[in-house]
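> Here it is, the structure in full.
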Amino acid sequence: MTTIKVLDPTNGIVSEKSAMAERLDTLEDATIGLIDNGKANSAVVLEAIGQRLKDTYKLKKVIYFLKRSSSHPIADDEAKALAQQCDGVITGTGD
């Protein structure tokens, strides 16, 4: 009899509930973080979004952050660092 070992490639269940973030009153002079999940074309799309946001809303700065894996969340310390540096954060995907 053959035994088949099945592996679970997921990151596990997230049991914490989360709430929607408070919205910024304005984007003018804000620092916005853009999280790239590393999939094909996500950098291109997020760079275009970052430029459009700069041009339209007179942002102070855009910070680009590349996740280590598209299937996992960013680490807690990375999320805290982005929260300290940014007024708002947008995550994106590509393919």
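Scheme for the structure tokens: letters A, B, ... for chains in order shown; per-chain residue numbers from 1; ligand numbers from 1 in order shown.
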Do a neighbour search on Ile74 in chain A at 10 Å with only C-alpha atoms, toss out local chain neighbours closer than 5 positions, and write the hits as a PyMOL selection string.
chain A and resi 35+37+65-69+79-80
> Write the residues you've just listed into a file as a PDB file, in the first residue's frame, and include C-alpha atoms for each of them.

ATOM      1  CA  ILE A  35       3.101  47.301  -0.672  1.00  0.00           C
ATOM      2  CA  ASN A  37       3.355  41.508  -3.291  1.00  0.00           C
ATOM      3  CA  PHE A  65       7.793  48.073   0.085  1.00  0.00           C
ATOM      4  CA  LEU A  66       8.332  44.632  -1.467  1.00  0.00           C
ATOM      5  CA  LYS A  67       6.865  41.658   0.400  1.00  0.00           C
ATOM      6  CA  ARG A  68       9.009  38.539   0.682  1.00  0.00           C
ATOM      7  CA  SER A  69       6.148  36.325  -0.496  1.00  0.00           C
ATOM      8  CA  ALA A  79       4.027  46.574   9.367  1.00  0.00           C
ATOM      9  CA  LYS A  80       4.937  48.634  12.436  1.00  0.00           C
TER      10      LYS A  80
END
> Can you list, as a PyMOL selection string, every residue of chain A that DSSP puts in strand (DSSP E)?
chain A and resi 31-36+61-66+88-92
> From the set A:Ser70, A:Leu53, A:Lys60, A:Leu34, which residue has the shortest atom-to-atom contact distance to Thr10 in chain A, counting only C-alpha atoms?
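Closest candidate: A:Ser70.
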> Hey, which bits of range 9-63 of chain A sit within 8 Å of range 86-95 of chain A, and for each residue what's the closest pair of atoms and how far apart in Å (one decimal), counting only C-alpha atoms, rows by chain and increasing number, as a Markdown table?

| residue | atom | partner | partner_atom | distance |
| --- | --- | --- | --- | --- |
| A:Leu24 | CA | A:Gly88 | CA | 7.4 |
| A:Ala30 | CA | A:Asp87 | CA | 5.9 |
| A:Thr31 | CA | A:Cys86 | CA | 5.0 |
| A:Ile32 | CA | A:Gly88 | CA | 5.0 |
| A:Gly33 | CA | A:Val89 | CA | 4.4 |
| A:Leu34 | CA | A:Ile90 | CA | 4.9 |
| A:Ile35 | CA | A:Thr91 | CA | 4.5 |
| A:Asp36 | CA | A:Gly92 | CA | 5.7 |
| A:Asn37 | CA | A:Thr93 | CA | 5.7 |
| A:Gly38 | CA | A:Gly94 | CA | 7.6 |
| A:Lys39 | CA | A:Gly94 | CA | 5.1 |
| A:Ala40 | CA | A:Asp95 | CA | 4.9 |
| A:Asn41 | CA | A:Gly94 | CA | 5.2 |
| A:Ser42 | CA | A:Gly94 | CA | 4.0 |
| A:Ala43 | CA | A:Gly94 | CA | 7.8 |
| A:Val45 | CA | A:Gly94 | CA | 7.6 |
| A:Leu46 | CA | A:Gly92 | CA | 6.9 |
| A:Ile63 | CA | A:Cys86 | CA | 7.8 |
> So what do you get for CA of Ser18 in chain A versus CA of Tyr64 in chain A, distance-wise?
23.4 Å
> Please compute the CA of Arg23 in chain A-CA of Arg52 in chain A distance, one decimal, in Å.
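For CA of Arg23 in chain A relative to CA of Arg52 in chain A, the distance reads 19.0 Å.
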> Which residues in chain A does DSSP call alpha helix (DSSP H)? List them as a list in words.
Ser42, Ala43, Val44, Val45, Leu46, Glu47, Ala48, Ile49, Gly50, Gln51, Arg52, Leu53, Lys54, Asp55, Thr56, Tyr57, Asp76, Asp77, Glu78, Ala79, Lys80, Ala81, Leu82, Ala83, Gln84 and Gln85 of chain A
> Just want the 8 Å neighbourhood of Asp29 in chain A, counted on only C-alpha atoms, with same-chain residues fewer than 4 positions away dropped. Output as an MDAnalysis selection string.
chainID A and resid 57:61
> Store the residues picked out above, limited to C-alpha atoms, as an mmCIF file, in the first residue's frame.

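Just written: out.cif:
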data_model
loop_
_atom_site.group_PDB
_atom_site.id
_atom_site.type_symbol
_atom_site.label_atom_id
_atom_site.label_comp_id
_atom_site.auth_asym_id
_atom_site.auth_seq_id
_atom_site.Cartn_x
_atom_site.Cartn_y
_atom_site.Cartn_z
ATOM 1 C CA TYR A 57 -2.696 64.856 -4.558
ATOM 2 C CA LYS A 58 0.675 66.539 -3.985
ATOM 3 C CA LEU A 59 1.966 63.797 -1.730
ATOM 4 C CA LYS A 60 5.017 64.447 0.368
ATOM 5 C CA LYS A 61 6.423 60.999 -0.333
#
